[in-house]
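For reference, protein_39.pdb is printed below; it contains PDB, C-alpha atoms and all ligand atoms.
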```pdb
ATOM      1  CA  MET A   1      17.852 -15.789   7.516
ATOM      2  CA  TYR A   2      16.333 -12.347   6.927
ATOM      3  CA  GLU A   3      17.635  -9.631   9.262
ATOM      4  CA  PRO A   4      15.021  -6.969  10.056
ATOM      5  CA  LEU A   5      16.012  -3.500   8.891
ATOM      6  CA  PRO A   6      16.980  -0.990  11.571
ATOM      7  CA  HIS A   7      14.012   1.347  11.824
ATOM      8  CA  GLU A   8      15.533   4.370  13.483
ATOM      9  CA  LYS A   9      12.770   6.796  12.640
ATOM     10  CA  GLY A  10       9.026   6.737  13.017
ATOM     11  CA  PHE A  11       6.616   8.410  10.599
ATOM     12  CA  HIS A  12       3.218   8.642  12.281
ATOM     13  CA  VAL A  13       0.300   9.098   9.909
ATOM     14  CA  SER A  14      -3.059  10.415  11.123
ATOM     15  CA  TRP A  15      -6.387   9.513   9.501
ATOM     16  CA  ASP A  16      -6.575  13.026   8.134
ATOM     17  CA  GLN A  17      -3.108  12.759   6.572
ATOM     18  CA  LEU A  18      -3.866   9.331   5.140
ATOM     19  CA  HIS A  19      -7.071  10.681   3.612
ATOM     20  CA  ARG A  20      -5.232  13.610   2.039
ATOM     21  CA  ASP A  21      -2.424  11.431   0.714
ATOM     22  CA  ALA A  22      -4.815   8.805  -0.696
ATOM     23  CA  ARG A  23      -6.778  11.571  -2.424
ATOM     24  CA  ALA A  24      -3.500  12.881  -3.863
ATOM     25  CA  LEU A  25      -2.833   9.366  -5.167
ATOM     26  CA  ALA A  26      -6.272   9.303  -6.813
ATOM     27  CA  TRP A  27      -5.549  12.665  -8.426
ATOM     28  CA  ARG A  28      -2.350  11.264  -9.964
ATOM     29  CA  LEU A  29      -4.170   8.191 -11.272
ATOM     30  CA  ASP A  30      -7.199   9.992 -12.657
ATOM     31  CA  GLY A  31      -7.571   9.449 -16.403
ATOM     32  CA  LYS A  32      -4.358   7.402 -16.629
ATOM     33  CA  GLY A  33      -5.962   4.030 -17.352
ATOM     34  CA  PRO A  34      -5.377   2.299 -20.696
ATOM     35  CA  ASP A  35      -7.461   3.208 -23.775
ATOM     36  CA  ASP A  36      -9.944   5.882 -22.693
ATOM     37  CA  GLY A  37      -8.133   6.651 -19.401
ATOM     38  CA  ALA A  38     -10.630   4.690 -17.296
ATOM     39  CA  TRP A  39      -9.727   1.932 -14.848
ATOM     40  CA  ARG A  40     -11.712  -1.325 -14.952
ATOM     41  CA  ALA A  41     -11.436  -2.202 -11.268
ATOM     42  CA  VAL A  42      -9.506  -1.606  -8.075
ATOM     43  CA  VAL A  43      -7.764  -4.422  -6.210
ATOM     44  CA  ALA A  44      -6.786  -3.673  -2.625
ATOM     45  CA  ILE A  45      -3.863  -5.538  -1.102
ATOM     46  CA  THR A  46      -5.170  -6.478   2.318
ATOM     47  CA  ARG A  47      -5.169  -5.327   4.844
ATOM     48  CA  GLY A  48      -3.202  -2.088   4.639
ATOM     49  CA  GLY A  49      -4.354  -1.277   1.109
ATOM     50  CA  MET A  50      -8.046  -1.386   1.959
ATOM     51  CA  ALA A  51      -8.550   2.113   3.336
ATOM     52  CA  PRO A  52      -6.449   3.779   0.603
ATOM     53  CA  ALA A  53      -8.199   1.657  -2.064
ATOM     54  CA  MET A  54     -11.612   2.698  -0.788
ATOM     55  CA  ILE A  55     -10.631   6.373  -0.974
ATOM     56  CA  VAL A  56      -9.150   6.020  -4.470
ATOM     57  CA  ALA A  57     -12.180   4.046  -5.709
ATOM     58  CA  ARG A  58     -14.488   6.713  -4.325
ATOM     59  CA  GLU A  59     -12.573   9.569  -5.967
ATOM     60  CA  LEU A  60     -12.301   7.844  -9.344
ATOM     61  CA  ASP A  61     -15.870   6.469  -9.251
ATOM     62  CA  ILE A  62     -14.725   2.858  -9.579
ATOM     63  CA  ARG A  63     -17.411   0.486  -8.261
ATOM     64  CA  THR A  64     -15.710  -2.840  -8.876
ATOM     65  CA  VAL A  65     -13.379  -3.436  -5.942
ATOM     66  CA  ASP A  66     -11.703  -6.739  -5.134
ATOM     67  CA  THR A  67      -8.958  -7.843  -2.766
ATOM     68  CA  ILE A  68      -5.777  -9.860  -2.820
ATOM     69  CA  SER A  69      -4.679 -11.040   0.594
ATOM     70  CA  VAL A  70      -0.924 -11.109   1.104
ATOM     71  CA  LYS A  71       0.816 -11.612   4.399
ATOM     72  CA  SER A  72       4.486 -10.922   4.892
ATOM     73  CA  TYR A  73       4.913  -9.328   8.302
ATOM     74  CA  ASP A  74       4.246 -10.201  11.920
ATOM     75  CA  HIS A  75       4.501  -6.785  13.525
ATOM     76  CA  GLN A  76       7.897  -5.486  12.261
ATOM     77  CA  THR A  77       9.367  -8.905  11.408
ATOM     78  CA  GLN A  78       9.208 -10.044   7.784
ATOM     79  CA  GLY A  79       8.670 -13.606   6.632
ATOM     80  CA  ALA A  80       8.021 -15.058   3.162
ATOM     81  CA  ALA A  81       5.187 -13.243   1.374
ATOM     82  CA  GLN A  82       2.282 -15.567   0.650
ATOM     83  CA  ILE A  83      -1.072 -15.136  -1.072
ATOM     84  CA  LEU A  84      -3.863 -16.134   1.281
ATOM     85  CA  LYS A  85      -6.695 -15.169  -1.090
ATOM     86  CA  SER A  86      -6.746 -14.229  -4.808
ATOM     87  CA  PRO A  87      -9.074 -11.766  -6.542
ATOM     88  CA  ASP A  88     -11.670 -12.910  -9.094
ATOM     89  CA  MET A  89      -9.400 -13.730 -12.044
ATOM     90  CA  ASP A  90     -12.363 -13.633 -14.465
ATOM     91  CA  ILE A  91     -12.434  -9.885 -13.833
ATOM     92  CA  ILE A  92      -8.697  -9.356 -13.443
ATOM     93  CA  GLY A  93      -7.426 -11.247 -16.491
ATOM     94  CA  ASP A  94      -3.761 -10.331 -17.039
ATOM     95  CA  GLY A  95      -4.280  -7.133 -15.040
ATOM     96  CA  THR A  96      -4.784  -4.698 -17.926
ATOM     97  CA  GLY A  97      -6.790  -1.691 -16.660
ATOM     98  CA  ILE A  98      -6.626  -2.906 -13.072
ATOM     99  CA  LEU A  99      -5.466  -0.563 -10.341
ATOM    100  CA  VAL A 100      -3.755  -2.383  -7.488
ATOM    101  CA  ILE A 101      -3.504  -0.303  -4.326
ATOM    102  CA  ASP A 102      -1.401  -0.797  -1.204
ATOM    103  CA  ASP A 103      -0.520   1.483   1.681
ATOM    104  CA  LEU A 104       3.238   1.257   1.069
ATOM    105  CA  VAL A 105       6.076  -0.570  -0.587
ATOM    106  CA  ASP A 106       9.069  -1.377   1.622
ATOM    107  CA  THR A 107      11.271  -4.278   0.427
ATOM    108  CA  GLY A 108       8.919  -4.996  -2.507
ATOM    109  CA  ARG A 109       8.370  -8.645  -1.566
ATOM    110  CA  THR A 110       4.608  -8.197  -1.315
ATOM    111  CA  LEU A 111       4.421  -6.534  -4.724
ATOM    112  CA  ASP A 112       6.596  -9.199  -6.354
ATOM    113  CA  VAL A 113       3.976 -11.780  -5.435
ATOM    114  CA  VAL A 114       1.143  -9.534  -6.626
ATOM    115  CA  ARG A 115       2.917  -8.638  -9.879
ATOM    116  CA  ALA A 116       3.423 -12.321 -10.714
ATOM    117  CA  HIS A 117      -0.342 -12.749 -10.328
ATOM    118  CA  MET A 118      -1.340  -9.705 -12.416
ATOM    119  CA  PRO A 119       1.563  -8.878 -14.770
ATOM    120  CA  LYS A 120      -0.133  -5.969 -16.574
ATOM    121  CA  ALA A 121      -1.781  -4.278 -13.588
ATOM    122  CA  HIS A 122      -0.901  -0.734 -12.544
ATOM    123  CA  ILE A 123       0.455  -0.868  -8.995
ATOM    124  CA  ALA A 124       0.129   2.236  -6.818
ATOM    125  CA  THR A 125       0.958   2.898  -3.190
ATOM    126  CA  VAL A 126       0.512   5.910  -0.964
ATOM    127  CA  TYR A 127       4.031   5.699   0.505
ATOM    128  CA  ALA A 128       7.261   4.202  -0.837
ATOM    129  CA  LYS A 129      10.708   3.407   0.520
ATOM    130  CA  PRO A 130      13.694   3.668  -1.839
ATOM    131  CA  MET A 131      14.656  -0.023  -1.912
ATOM    132  CA  ALA A 132      11.669  -0.983  -4.063
ATOM    133  CA  LYS A 133      10.013   2.209  -5.235
ATOM    134  CA  GLU A 134      10.647   1.161  -8.874
ATOM    135  CA  ARG A 135       8.199  -1.734  -8.329
ATOM    136  CA  VAL A 136       5.416   0.881  -8.082
ATOM    137  CA  GLN A 137       4.124   2.852 -11.060
ATOM    138  CA  THR A 138       2.608   5.638  -8.955
ATOM    139  CA  PHE A 139       3.117   6.750  -5.352
ATOM    140  CA  VAL A 140       2.733   9.955  -3.375
ATOM    141  CA  THR A 141       5.369  10.272  -0.625
ATOM    142  CA  GLU A 142       8.806   8.696  -0.232
ATOM    143  CA  VAL A 143      10.280   8.010   3.213
ATOM    144  CA  SER A 144      13.779   6.765   4.020
ATOM    145  CA  GLN A 145      14.460   3.038   4.278
ATOM    146  CA  ASP A 146      15.189   3.261   8.011
ATOM    147  CA  THR A 147      11.774   4.803   8.720
ATOM    148  CA  TRP A 148       8.903   2.718  10.031
ATOM    149  CA  ILE A 149       5.530   4.099   8.941
ATOM    150  CA  PHE A 150       2.848   3.896  11.619
ATOM    151  CA  PHE A 151      -0.622   3.919  10.099
ATOM    152  CA  PRO A 152      -3.674   5.390  11.849
ATOM    153  CA  TRP A 153      -5.306   1.972  12.300
ATOM    154  CA  ASP A 154      -2.312   0.963  14.468
ATOM    155  CA  LEU A 155      -2.338   4.110  16.589
ATOM    156  CA  ALA A 156      -4.433   5.596  19.409
ATOM    157  CA  LEU A 157      -4.462   8.994  21.059
ATOM    158  CA  GLN A 158      -2.629   8.996  24.352
ATOM    159  CA  TYR A 159      -1.007  11.367  26.838
ATOM    160  CA  VAL A 160       2.655  12.287  26.234
ATOM    161  CA  GLN A 161       5.036  13.883  28.717
ATOM    162  CA  PRO A 162       6.043  17.472  27.890
ATOM    163  CA  TYR A 163       9.628  17.868  26.659
ATOM    164  CA  ARG A 164      10.479  19.726  29.916
ATOM    165  CA  GLY A 165       9.355  18.646  33.353
ATOM    166  CA  LYS A 166       7.150  15.738  34.319
TER     167      LYS A 166
HETATM  168  O1  LIG A 201       7.269  -4.144   0.521
HETATM  169  P1  LIG A 201       7.172  -5.150   1.644
HETATM  170  O2  LIG A 201       8.472  -5.283   2.395
HETATM  171  O3  LIG A 201       6.588  -6.444   1.241
HETATM  172  O4  LIG A 201       6.193  -4.503   2.748
HETATM  173  C1  LIG A 201       5.008  -3.815   2.466
HETATM  174  C2  LIG A 201       3.783  -4.592   2.895
HETATM  175  O5  LIG A 201       3.865  -4.894   4.297
HETATM  176  C3  LIG A 201       2.669  -4.473   4.945
HETATM  177  O6  LIG A 201       1.682  -5.493   4.909
HETATM  178  P2  LIG A 201       1.652  -6.708   5.968
HETATM  179  O7  LIG A 201       2.238  -7.921   5.327
HETATM  180  O8  LIG A 201       2.262  -6.262   7.264
HETATM  181  O9  LIG A 201       0.122  -7.006   6.184
HETATM  182  P3  LIG A 201      -1.117  -6.022   6.494
HETATM  183  O10 LIG A 201      -1.298  -5.136   5.301
HETATM  184  O11 LIG A 201      -2.248  -6.959   6.704
HETATM  185  O12 LIG A 201      -0.777  -5.231   7.741
HETATM  186  C4  LIG A 201       2.205  -3.297   4.111
HETATM  187  O13 LIG A 201       0.802  -3.101   4.272
HETATM  188  C5  LIG A 201       2.545  -3.743   2.708
HETATM  189  O14 LIG A 201       1.512  -4.543   2.171
HETATM  190  O1  LIG A 202       7.086   0.929   7.514
HETATM  191  C1  LIG A 202       6.151   0.111   7.585
HETATM  192  N1  LIG A 202       5.004   0.388   8.307
HETATM  193  C2  LIG A 202       3.981  -0.484   8.408
HETATM  194  N2  LIG A 202       3.974  -1.675   7.823
HETATM  195  C3  LIG A 202       5.060  -2.007   7.094
HETATM  196  N3  LIG A 202       5.311  -3.140   6.403
HETATM  197  C4  LIG A 202       6.528  -3.009   5.855
HETATM  198  N4  LIG A 202       7.080  -1.826   6.174
HETATM  199  C5  LIG A 202       6.165  -1.159   6.949
HETATM  200 MG    MG A 203      -0.051  -4.972   3.616
END
```

Please go through the file and, once you have read it, give me the structure as structure tokens.
Amino acid sequence: MYEPLPHEKGFHVSWDQLHRDARALAWRLDGKGPDDGAWRAVVAITRGGMAPAMIVARELDIRTVDTISVKSYDHQTQGAAQILKSPDMDIIGDGTGILVIDDLVDTGRTLDVVRAHMPKAHIATVYAKPMAKERVQTFVTEVSQDTWIFFPWDLALQYVQPYRGK
């Protein structure tokens, strides 16, 4: 039975930060595709990879965008990763020239499933935890394994008590 990792720290990412970090990811990927440096298509790993994939596709002028739907978590509890929907394999082929984008890699279980589907794809994430960062060819920011990343689509502005007083 899988024991959830102890997430002692929280890393809260705003929309602005996510946008900056996804643009930094695009910058690292620019011109790094096979042959002439171009990428054939972007595949977003839903759902968390969709916003970063859109930003990367926009920056790199990639118009062919598909999705692979993988589910492995219910809130912070991990189960077996399963593919709920595949991309168009006529376009993807073995993955050569395909840029697969996700928001983060944690244990790497999601990417293992994706990699088996597209062995030659280039996998990139915005954030990476040390346990499985080698499963990703390109990422922007590393956070410790005991950090839970909170993405802007899971957050809302709210009042907080000042450190002192009520
Ligand atoms: O490296 P792993 O341990 O597999 O974890 C990383 C994956 O977990 C989250 O997705 P989740 O399954 O929660 O679905 P979501 O993207 O729809 O929120 C996250 O978006 C990554 O895809
Ligand atoms: O740190 C995380 N944040 C959000 N979703 C996740 N899925 C696996 N790890 C994480
Ligand atoms: Mg996900």

Can you list every residue of chain A that has an atom at most 6 Å from ligand LIG 202 (chain A), with its nearest atom pair and the distance in Å to one decimal, using all atoms listed in the file, ordered by chain then number, as a tab-separated table?
```
residue	atom	partner	partner_atom	distance
A:Asp106	CA	A:LIG202	N4	5.0
A:Trp148	CA	A:LIG202	O1	3.6
A:Ile149	CA	A:LIG202	N1	3.8
A:Phe150	CA	A:LIG202	N1	5.3
```

For this session: Tell me, as a list in words, which residues lie within 7 Å of Thr125 (chain A), counting only C-alpha atoms; anything in the same chain fewer than 4 positions away does not count.
Result: Ile101, Asp102, Asp103, Leu104, Val105, Val136, Thr138 and Phe139 of chain A

Give me the chain A side of the contact with ligand LIG 201 (chain A), cut-off 8 Å, one line per residue showing its nearest atom pair and distance in Å at one decimal, counting all atoms listed in the file, sorted by chain and residue number, as CSV.
```
residue,atom,partner,partner_atom,distance
A:Ile45,CA,A:LIG201,O14,6.4
A:Thr46,CA,A:LIG201,O10,5.1
A:Arg47,CA,A:LIG201,O11,3.8
A:Gly48,CA,A:LIG201,O10,3.7
A:Gly49,CA,A:LIG201,O13,6.3
A:Ser69,CA,A:LIG201,O11,7.7
A:Val70,CA,A:LIG201,O7,6.2
A:Lys71,CA,A:LIG201,O7,4.1
A:Ser72,CA,A:LIG201,O7,3.8
A:Tyr73,CA,A:LIG201,O8,4.2
A:Asp74,CA,A:LIG201,O8,6.4
A:His75,CA,A:LIG201,O8,6.7
A:Gln76,CA,A:LIG201,O8,7.6
A:Gln78,CA,A:LIG201,O2,7.2
A:Ala81,CA,A:LIG201,O3,6.9
A:Asp102,CA,A:LIG201,O14,5.8
A:Asp103,CA,A:LIG201,O13,5.4
A:Leu104,CA,A:LIG201,C5,5.3
A:Val105,CA,A:LIG201,O1,3.9
A:Asp106,CA,A:LIG201,O1,3.5
A:Thr107,CA,A:LIG201,O2,3.6
A:Gly108,CA,A:LIG201,O1,3.6
A:Arg109,CA,A:LIG201,O3,4.0
A:Thr110,CA,A:LIG201,O3,3.7
A:Leu111,CA,A:LIG201,O3,6.3
A:Ala132,CA,A:LIG201,O1,7.1
```

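Pairwise distance (CA of Thr147 (chain A), CA of Lys129 (chain A)) equals 8.4 Å.
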
Problem set entry | Shortest interatomic distance to ligand MG 203 (chain A) - which of A:Ala38, A:Val140, A:Met118, A:Ala53, counting all atoms listed in the file |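 Smallest distance to ligand MG 203 (chain A) is found for A:Ala53.
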
Problem set entry | Thr96 (chain A) environment, 8 Å, all atoms listed in the file, sequence neighbours closer than 3 positions dropped, as a VMD selection string | chain A and resid 34 92 to 93 120 to 122

For this session: Fewer than 2 positions away in the same chain doesn't count, so skip those; otherwise give me all residues within 9 Å of region 155-157 of chain A, counting all atoms listed in the file, as a list in words.
Result: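 Contacts, with the query itself left out: His12, Val13, Ser14, Phe150, Phe151, Pro152, Trp153 and Tyr159 of chain A.
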
Exercise. Do you have the CA of Asp88 (chain A)-CA of Arg23 (chain A) distance handy?
Worked result: 25.8 Å

Exercise. Of the candidates A:Val126, A:Ala24, A:Ala41, A:Leu99, which shows the shortest atom-to-atom distance to ligand MG 203 (chain A), using all atoms listed in the file?
Worked result: A:Val126

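With only C-alpha atoms as the atoms that count, the minimum distance from Ala116 (chain A) to the choices A:Asp61, A:Asp94, A:Asp16, A:Glu142 is reached by A:Asp94.
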
Problem set entry | Among listed residues A:Trp39, A:Val114, A:Leu25, A:Asp66, nearest ligand MG 203 (chain A) (using only C-alpha atoms and all ligand atoms) |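 Of the candidates, the smallest distance to ligand MG 203 (chain A) is held by A:Val114.
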
Problem set entry | Distance criterion (all atoms listed in the file): nearest to ligand MG 203 (chain A) out of A:Val100, A:Val42, A:Val56, A:Val143 |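 Checking each of A:Val100, A:Val42, A:Val56, A:Val143 against ligand MG 203 (chain A), counting all atoms listed in the file, the winner is A:Val100.
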
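Note that CA of Met131 (chain A) and CA of Ser144 (chain A) are 9.1 Å apart.
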
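Between Ile83 (chain A) and the candidates A:Lys9, A:Arg115, A:Arg58, A:Arg63, the tightest atom-to-atom separation, counting all atoms listed in the file, involves A:Arg115.
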